[in-house]
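Reviewing the structure listed below.
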Amino acid sequence: MFKITLYRKLICKEERMIHRNKTSLFLAALFAATFSTAGVSEAGKPTVGGSCKKCHTAEADTVRGNLGTVSPDFNTLQVKVGKNLIWIVNYDDKTSVVNGDKTSGAESIKDLPKNKEISINYSGGESKPLATEIIVKQPYKVPEDQKITNDEVAKLVSMGPEKGQYTLIDARPTGAFLGGHIPTAISLPFDSFEENCSVVLPQDKDRLLVFYCGGPT
């Protein structure tokens with residue numbers, strides 16, 4: 001009788017351990033599923049990301065950000081609007097792509113460069129967005145009378161900011177500036193311009209300001 005009672009106790013103990021293990025695995029799976037979908041399209045999330053925030057505010061049925069992965073097999077594309085926030089947008093044969101003065105069909109989506117800034121007008125709501133139009137941001141065109149040549153910059157740098165009466169601004173991200181920059185340049189990343197311009201830019205409004213970045217975007 002003692003051996004049978006002990007055997008039953010051992011069985012009950014093992015069943016409780018198995019139950020606890022199953023519960024732990026379920027909670028772990030639930031936790032993983034919850035956080036693996038963090039940042040994926042959900043109703044009410046931000047619709048404007050990256051440098052788009054400098055010029056645009058939220059609009060109904062429009063998302064602006066950087067192009068992520070394009071999947072022609074599933075007719076979907078990703079739009080990054082934050083560090084860990086991604087929209088997944090569907091497209092079909094009726095989706096148009098506006099790239100400057102050229103308008104093409106959905107087949108050209110796969111040729112768009114990754115991380116390119118885009119604006120998407122969509123239907124279907126935030127839960128199942130379907131792109132009707134994708135607009136590709138064009139490089140900013142600087143007026144000819146506001147451009148400066150490499151030789152002119154080199155001449156200013158050789159004189160120095162005081163003698164040359166100029167302020168040279170490096171508008172690239174901080175990491176790029178630390179990796180190497182033009183002598184006498186001051187770092188003022190574009191994405192923090194509004195917060196730091198009053199501290200970095202000279203008070204003298206007549207002083208020559210020269211900006212440079214990493215190239216057309």
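In the structure tokens, chains take letters A, B, ... by order of appearance, with residues numbered from 1 within each chain and ligands from 1 in the order shown.
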
Practice item. Compile the contact shell of range 134-150 of chain A as a ChimeraX atom specification: residues with an atom at most 9 Å away, counting only C-alpha atoms, same-chain residues fewer than 5 positions apart removed. Key: /A:95-100,109,112,116-122,155,210,216-217

Point to revise | Contact residues around range 185-190 of chain A with only C-alpha atoms at 10 Å, ignoring same-chain residues under 6 positions, as a ChimeraX atom specification | key: /A:51,54,157,161,167-178,196-197,199-201,210-213

What would the file look like if the residues just selected were written as a PDB file, in the first residue's frame with C-alpha atoms?
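Result file follows (result-v4.pdb):
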ATOM      1  CA  SER A  51      12.537  63.651 -42.141  1.00  0.00           C
ATOM      2  CA  LYS A  54       9.871  68.489 -41.073  1.00  0.00           C
ATOM      3  CA  VAL A 157      38.540  77.018 -45.501  1.00  0.00           C
ATOM      4  CA  PRO A 161      35.964  81.271 -40.440  1.00  0.00           C
ATOM      5  CA  THR A 167      30.077  79.472 -41.118  1.00  0.00           C
ATOM      6  CA  LEU A 168      30.311  76.005 -42.650  1.00  0.00           C
ATOM      7  CA  ILE A 169      27.516  73.607 -41.632  1.00  0.00           C
ATOM      8  CA  ASP A 170      27.658  69.818 -41.992  1.00  0.00           C
ATOM      9  CA  ALA A 171      23.999  68.727 -42.235  1.00  0.00           C
ATOM     10  CA  ARG A 172      24.738  64.981 -42.283  1.00  0.00           C
ATOM     11  CA  PRO A 173      23.959  62.653 -39.345  1.00  0.00           C
ATOM     12  CA  THR A 174      26.329  62.938 -36.381  1.00  0.00           C
ATOM     13  CA  GLY A 175      27.933  59.567 -37.115  1.00  0.00           C
ATOM     14  CA  ALA A 176      28.898  60.688 -40.609  1.00  0.00           C
ATOM     15  CA  PHE A 177      30.369  63.915 -39.224  1.00  0.00           C
ATOM     16  CA  LEU A 178      32.473  62.014 -36.688  1.00  0.00           C
ATOM     17  CA  ASN A 196      19.737  73.327 -32.390  1.00  0.00           C
ATOM     18  CA  CYS A 197      19.792  75.994 -35.106  1.00  0.00           C
ATOM     19  CA  VAL A 199      22.590  77.670 -30.819  1.00  0.00           C
ATOM     20  CA  VAL A 200      24.731  76.709 -33.811  1.00  0.00           C
ATOM     21  CA  LEU A 201      23.906  79.341 -36.429  1.00  0.00           C
ATOM     22  CA  VAL A 210      27.521  77.313 -46.349  1.00  0.00           C
ATOM     23  CA  PHE A 211      25.691  74.009 -45.936  1.00  0.00           C
ATOM     24  CA  TYR A 212      26.701  70.598 -47.227  1.00  0.00           C
ATOM     25  CA  CYS A 213      25.206  67.114 -46.878  1.00  0.00           C
TER      26      CYS A 213
END

Check your understanding: Suppose you want the space between CA of Lys128 in chain A and CA of Glu107 in chain A; what is it in Å?
Key ->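 Atom-to-atom, CA of Lys128 in chain A and CA of Glu107 in chain A are spaced 20.7 Å apart.
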
Review point. Taking the backbone alone, and naming residues the way the document does, which bits of range 95-176 of chain A are strand (DSSP E or B) by DSSP, as a list in words?
Key: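 After running DSSP on the backbone, range 95-176 of chain A has strand (DSSP E or B) at Ser96, Val97, Val98, Asn99, Lys102, Thr103, Ser104, Glu117, Ile118, Ser119, Ile120, Asn121, Tyr122, Ser123, Leu130, Ala131, Thr132, Glu133, Ile134, Ile135, Val136, Tyr166, Thr167, Leu168, Ile169 and Asp170 of chain A.
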
Convert the current residue selection to file output with C-alpha atoms, as an mmCIF file, in the first residue's frame.
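Final output, saved to again.cif:
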data_model
loop_
_atom_site.group_PDB
_atom_site.id
_atom_site.type_symbol
_atom_site.label_atom_id
_atom_site.label_comp_id
_atom_site.auth_asym_id
_atom_site.auth_seq_id
_atom_site.Cartn_x
_atom_site.Cartn_y
_atom_site.Cartn_z
ATOM 1 C CA SER A 96 0.309 54.118 -59.784
ATOM 2 C CA VAL A 97 3.857 55.305 -59.064
ATOM 3 C CA VAL A 98 4.626 59.002 -59.514
ATOM 4 C CA ASN A 99 8.370 59.602 -59.803
ATOM 5 C CA LYS A 102 6.919 60.166 -64.829
ATOM 6 C CA THR A 103 3.955 58.026 -63.834
ATOM 7 C CA SER A 104 4.200 54.252 -64.079
ATOM 8 C CA GLU A 117 11.315 58.686 -48.962
ATOM 9 C CA ILE A 118 7.831 58.026 -50.289
ATOM 10 C CA SER A 119 4.251 59.109 -49.740
ATOM 11 C CA ILE A 120 1.422 56.590 -50.164
ATOM 12 C CA ASN A 121 -2.242 57.394 -50.644
ATOM 13 C CA TYR A 122 -4.306 54.358 -49.729
ATOM 14 C CA SER A 123 -7.825 53.022 -49.416
ATOM 15 C CA LEU A 130 -4.251 49.285 -50.295
ATOM 16 C CA ALA A 131 -1.977 51.738 -52.104
ATOM 17 C CA THR A 132 -3.722 53.751 -54.794
ATOM 18 C CA GLU A 133 -0.801 56.082 -55.481
ATOM 19 C CA ILE A 134 2.872 56.071 -54.473
ATOM 20 C CA ILE A 135 4.722 59.382 -54.767
ATOM 21 C CA VAL A 136 8.520 59.306 -54.712
ATOM 22 C CA TYR A 166 31.705 82.310 -43.046
ATOM 23 C CA THR A 167 30.077 79.472 -41.118
ATOM 24 C CA LEU A 168 30.311 76.005 -42.650
ATOM 25 C CA ILE A 169 27.516 73.607 -41.632
ATOM 26 C CA ASP A 170 27.658 69.818 -41.992
#

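The interatomic distance for the pair CA of Lys114 in chain A and CA of Phe193 in chain A works out to 24.5 Å.
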
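Picture a line from CA of Gly215 in chain A to CA of His56 in chain A; it runs 21.8 Å.
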
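Between Val89 in chain A and the candidates A:Glu126, A:Pro113, A:Ala60, A:Asn66, the tightest atom-to-atom separation, counting only C-alpha atoms, involves A:Glu126.
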
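In this comparison, which uses only C-alpha atoms, the residue of A:Lys83, A:Arg207, A:Arg64, A:Lys94 approaching Glu162 in chain A most closely is A:Arg207.
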
Run DSSP on the backbone of this structure and report the residues of range 23-174 of chain A it assigns to helix (DSSP H, G or I), as a PDB file with N, CA and C atoms, in the first residue's frame.
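What ended up in out_35.pdb:
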ATOM      1  N   THR A  23       2.164  25.720 -19.178  1.00  0.00           N
ATOM      2  CA  THR A  23       1.731  27.093 -18.925  1.00  0.00           C
ATOM      3  C   THR A  23       2.850  28.078 -19.240  1.00  0.00           C
ATOM      4  N   SER A  24       4.080  27.724 -18.807  1.00  0.00           N
ATOM      5  CA  SER A  24       5.229  28.591 -19.065  1.00  0.00           C
ATOM      6  C   SER A  24       5.483  28.733 -20.560  1.00  0.00           C
ATOM      7  N   LEU A  25       5.382  27.613 -21.296  1.00  0.00           N
ATOM      8  CA  LEU A  25       5.588  27.664 -22.748  1.00  0.00           C
ATOM      9  C   LEU A  25       4.518  28.505 -23.417  1.00  0.00           C
ATOM     10  N   PHE A  26       3.265  28.383 -22.933  1.00  0.00           N
ATOM     11  CA  PHE A  26       2.181  29.186 -23.505  1.00  0.00           C
ATOM     12  C   PHE A  26       2.418  30.671 -23.283  1.00  0.00           C
ATOM     13  N   LEU A  27       2.814  31.040 -22.041  1.00  0.00           N
ATOM     14  CA  LEU A  27       3.077  32.443 -21.739  1.00  0.00           C
ATOM     15  C   LEU A  27       4.247  32.970 -22.558  1.00  0.00           C
ATOM     16  N   ALA A  28       5.294  32.141 -22.710  1.00  0.00           N
ATOM     17  CA  ALA A  28       6.451  32.552 -23.492  1.00  0.00           C
ATOM     18  C   ALA A  28       6.068  32.780 -24.950  1.00  0.00           C
ATOM     19  N   ALA A  29       5.222  31.872 -25.487  1.00  0.00           N
ATOM     20  CA  ALA A  29       4.776  32.022 -26.875  1.00  0.00           C
ATOM     21  C   ALA A  29       3.925  33.263 -27.046  1.00  0.00           C
ATOM     22  N   LEU A  30       3.040  33.503 -26.048  1.00  0.00           N
ATOM     23  CA  LEU A  30       2.197  34.692 -26.093  1.00  0.00           C
ATOM     24  C   LEU A  30       3.025  35.953 -26.041  1.00  0.00           C
ATOM     25  N   PHE A  31       4.034  35.962 -25.156  1.00  0.00           N
ATOM     26  CA  PHE A  31       4.947  37.110 -25.035  1.00  0.00           C
ATOM     27  C   PHE A  31       5.678  37.361 -26.350  1.00  0.00           C
ATOM     28  N   ALA A  32       6.196  36.288 -26.952  1.00  0.00           N
ATOM     29  CA  ALA A  32       6.936  36.423 -28.211  1.00  0.00           C
ATOM     30  C   ALA A  32       6.038  36.925 -29.325  1.00  0.00           C
ATOM     31  N   ALA A  33       4.815  36.403 -29.385  1.00  0.00           N
ATOM     32  CA  ALA A  33       3.892  36.828 -30.440  1.00  0.00           C
ATOM     33  C   ALA A  33       3.516  38.285 -30.283  1.00  0.00           C
ATOM     34  N   THR A  34       3.320  38.703 -29.030  1.00  0.00           N
ATOM     35  CA  THR A  34       2.950  40.093 -28.779  1.00  0.00           C
ATOM     36  C   THR A  34       4.029  41.046 -29.233  1.00  0.00           C
ATOM     37  N   PHE A  35       5.273  40.753 -28.873  1.00  0.00           N
ATOM     38  CA  PHE A  35       6.358  41.680 -29.165  1.00  0.00           C
ATOM     39  C   PHE A  35       6.908  41.530 -30.571  1.00  0.00           C
ATOM     40  N   SER A  36       6.680  40.394 -31.213  1.00  0.00           N
ATOM     41  CA  SER A  36       7.139  40.252 -32.584  1.00  0.00           C
ATOM     42  C   SER A  36       6.295  41.084 -33.529  1.00  0.00           C
ATOM     43  N   GLY A  50      10.368  59.871 -40.023  1.00  0.00           N
ATOM     44  CA  GLY A  50      11.649  60.347 -40.535  1.00  0.00           C
ATOM     45  C   GLY A  50      11.669  61.836 -40.793  1.00  0.00           C
ATOM     46  N   SER A  51      12.404  62.232 -41.809  1.00  0.00           N
ATOM     47  CA  SER A  51      12.537  63.651 -42.141  1.00  0.00           C
ATOM     48  C   SER A  51      11.254  64.222 -42.726  1.00  0.00           C
ATOM     49  N   CYS A  52      10.274  63.349 -43.054  1.00  0.00           N
ATOM     50  CA  CYS A  52       8.993  63.833 -43.580  1.00  0.00           C
ATOM     51  C   CYS A  52       8.291  64.732 -42.567  1.00  0.00           C
ATOM     52  N   LYS A  53       8.590  64.527 -41.278  1.00  0.00           N
ATOM     53  CA  LYS A  53       7.958  65.316 -40.230  1.00  0.00           C
ATOM     54  C   LYS A  53       8.317  66.793 -40.316  1.00  0.00           C
ATOM     55  N   LYS A  54       9.422  67.102 -40.982  1.00  0.00           N
ATOM     56  CA  LYS A  54       9.871  68.489 -41.073  1.00  0.00           C
ATOM     57  C   LYS A  54       8.928  69.336 -41.923  1.00  0.00           C
ATOM     58  N   ALA A 106       2.372  49.523 -61.154  1.00  0.00           N
ATOM     59  CA  ALA A 106       2.869  48.845 -59.958  1.00  0.00           C
ATOM     60  C   ALA A 106       4.134  48.038 -60.215  1.00  0.00           C
ATOM     61  N   GLU A 107       4.377  47.679 -61.469  1.00  0.00           N
ATOM     62  CA  GLU A 107       5.556  46.861 -61.768  1.00  0.00           C
ATOM     63  C   GLU A 107       6.862  47.599 -61.468  1.00  0.00           C
ATOM     64  N   SER A 108       6.800  48.922 -61.380  1.00  0.00           N
ATOM     65  CA  SER A 108       8.019  49.702 -61.124  1.00  0.00           C
ATOM     66  C   SER A 108       8.341  49.828 -59.641  1.00  0.00           C
ATOM     67  N   ILE A 109       7.448  49.371 -58.766  1.00  0.00           N
ATOM     68  CA  ILE A 109       7.671  49.500 -57.322  1.00  0.00           C
ATOM     69  C   ILE A 109       8.935  48.766 -56.897  1.00  0.00           C
ATOM     70  N   LYS A 110       9.154  47.594 -57.462  1.00  0.00           N
ATOM     71  CA  LYS A 110      10.312  46.773 -57.076  1.00  0.00           C
ATOM     72  C   LYS A 110      11.635  47.442 -57.433  1.00  0.00           C
ATOM     73  N   ASP A 111      11.610  48.414 -58.338  1.00  0.00           N
ATOM     74  CA  ASP A 111      12.835  49.094 -58.766  1.00  0.00           C
ATOM     75  C   ASP A 111      13.164  50.323 -57.929  1.00  0.00           C
ATOM     76  N   GLU A 144      20.594  78.138 -58.740  1.00  0.00           N
ATOM     77  CA  GLU A 144      21.971  78.315 -59.191  1.00  0.00           C
ATOM     78  C   GLU A 144      22.690  79.425 -58.445  1.00  0.00           C
ATOM     79  N   ASP A 145      21.967  80.505 -58.130  1.00  0.00           N
ATOM     80  CA  ASP A 145      22.616  81.649 -57.464  1.00  0.00           C
ATOM     81  C   ASP A 145      22.909  81.379 -55.994  1.00  0.00           C
ATOM     82  N   GLN A 146      22.456  80.209 -55.475  1.00  0.00           N
ATOM     83  CA  GLN A 146      22.726  79.854 -54.082  1.00  0.00           C
ATOM     84  C   GLN A 146      23.746  78.727 -53.960  1.00  0.00           C
ATOM     85  N   ASN A 150      33.359  73.747 -55.168  1.00  0.00           N
ATOM     86  CA  ASN A 150      34.355  73.148 -54.280  1.00  0.00           C
ATOM     87  C   ASN A 150      35.566  74.062 -54.114  1.00  0.00           C
ATOM     88  N   ASP A 151      35.984  74.706 -55.206  1.00  0.00           N
ATOM     89  CA  ASP A 151      37.146  75.600 -55.143  1.00  0.00           C
ATOM     90  C   ASP A 151      36.874  76.801 -54.248  1.00  0.00           C
ATOM     91  N   GLU A 152      35.660  77.300 -54.302  1.00  0.00           N
ATOM     92  CA  GLU A 152      35.300  78.460 -53.462  1.00  0.00           C
ATOM     93  C   GLU A 152      35.287  78.066 -51.985  1.00  0.00           C
ATOM     94  N   VAL A 153      34.782  76.846 -51.713  1.00  0.00           N
ATOM     95  CA  VAL A 153      34.784  76.365 -50.327  1.00  0.00           C
ATOM     96  C   VAL A 153      36.215  76.160 -49.841  1.00  0.00           C
ATOM     97  N   ALA A 154      37.052  75.577 -50.681  1.00  0.00           N
ATOM     98  CA  ALA A 154      38.455  75.349 -50.311  1.00  0.00           C
ATOM     99  C   ALA A 154      39.159  76.668 -50.004  1.00  0.00           C
ATOM    100  N   LYS A 155      38.849  77.692 -50.777  1.00  0.00           N
ATOM    101  CA  LYS A 155      39.462  79.004 -50.542  1.00  0.00           C
ATOM    102  C   LYS A 155      39.023  79.574 -49.193  1.00  0.00           C
ATOM    103  N   LEU A 156      37.733  79.427 -48.875  1.00  0.00           N
ATOM    104  CA  LEU A 156      37.234  79.915 -47.587  1.00  0.00           C
ATOM    105  C   LEU A 156      37.887  79.166 -46.433  1.00  0.00           C
ATOM    106  N   VAL A 157      37.971  77.837 -46.559  1.00  0.00           N
ATOM    107  CA  VAL A 157      38.540  77.018 -45.501  1.00  0.00           C
ATOM    108  C   VAL A 157      40.007  77.379 -45.264  1.00  0.00           C
ATOM    109  N   SER A 158      40.718  77.698 -46.338  1.00  0.00           N
ATOM    110  CA  SER A 158      42.128  78.067 -46.185  1.00  0.00           C
ATOM    111  C   SER A 158      42.291  79.371 -45.405  1.00  0.00           C
ATOM    112  N   MET A 159      41.290  80.236 -45.484  1.00  0.00           N
ATOM    113  CA  MET A 159      41.336  81.507 -44.746  1.00  0.00           C
ATOM    114  C   MET A 159      40.874  81.339 -43.303  1.00  0.00           C
ATOM    115  N   PRO A 161      37.271  80.613 -40.626  1.00  0.00           N
ATOM    116  CA  PRO A 161      35.964  81.271 -40.440  1.00  0.00           C
ATOM    117  C   PRO A 161      36.042  82.758 -40.112  1.00  0.00           C
ATOM    118  N   GLU A 162      37.025  83.172 -39.337  1.00  0.00           N
ATOM    119  CA  GLU A 162      37.087  84.579 -38.935  1.00  0.00           C
ATOM    120  C   GLU A 162      37.487  85.477 -40.104  1.00  0.00           C
ATOM    121  N   LYS A 163      38.572  85.115 -40.760  1.00  0.00           N
ATOM    122  CA  LYS A 163      39.038  85.921 -41.890  1.00  0.00           C
ATOM    123  C   LYS A 163      38.087  85.786 -43.081  1.00  0.00           C
ATOM    124  N   GLY A 164      37.594  84.602 -43.315  1.00  0.00           N
ATOM    125  CA  GLY A 164      36.704  84.391 -44.453  1.00  0.00           C
ATOM    126  C   GLY A 164      35.273  84.820 -44.187  1.00  0.00           C
ATOM    127  N   THR A 174      25.157  62.772 -37.242  1.00  0.00           N
ATOM    128  CA  THR A 174      26.329  62.938 -36.381  1.00  0.00           C
ATOM    129  C   THR A 174      27.396  61.877 -36.637  1.00  0.00           C
TER     130      THR A 174
END

Exercise for review: Considering only C-alpha atoms, state which residue in the set A:Asp101, A:Asp92, A:Val48, A:Gly125 is at the smallest distance from Val79 in chain A.
Suggested key: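 Smallest separation from Val79 in chain A among the options: A:Val48.
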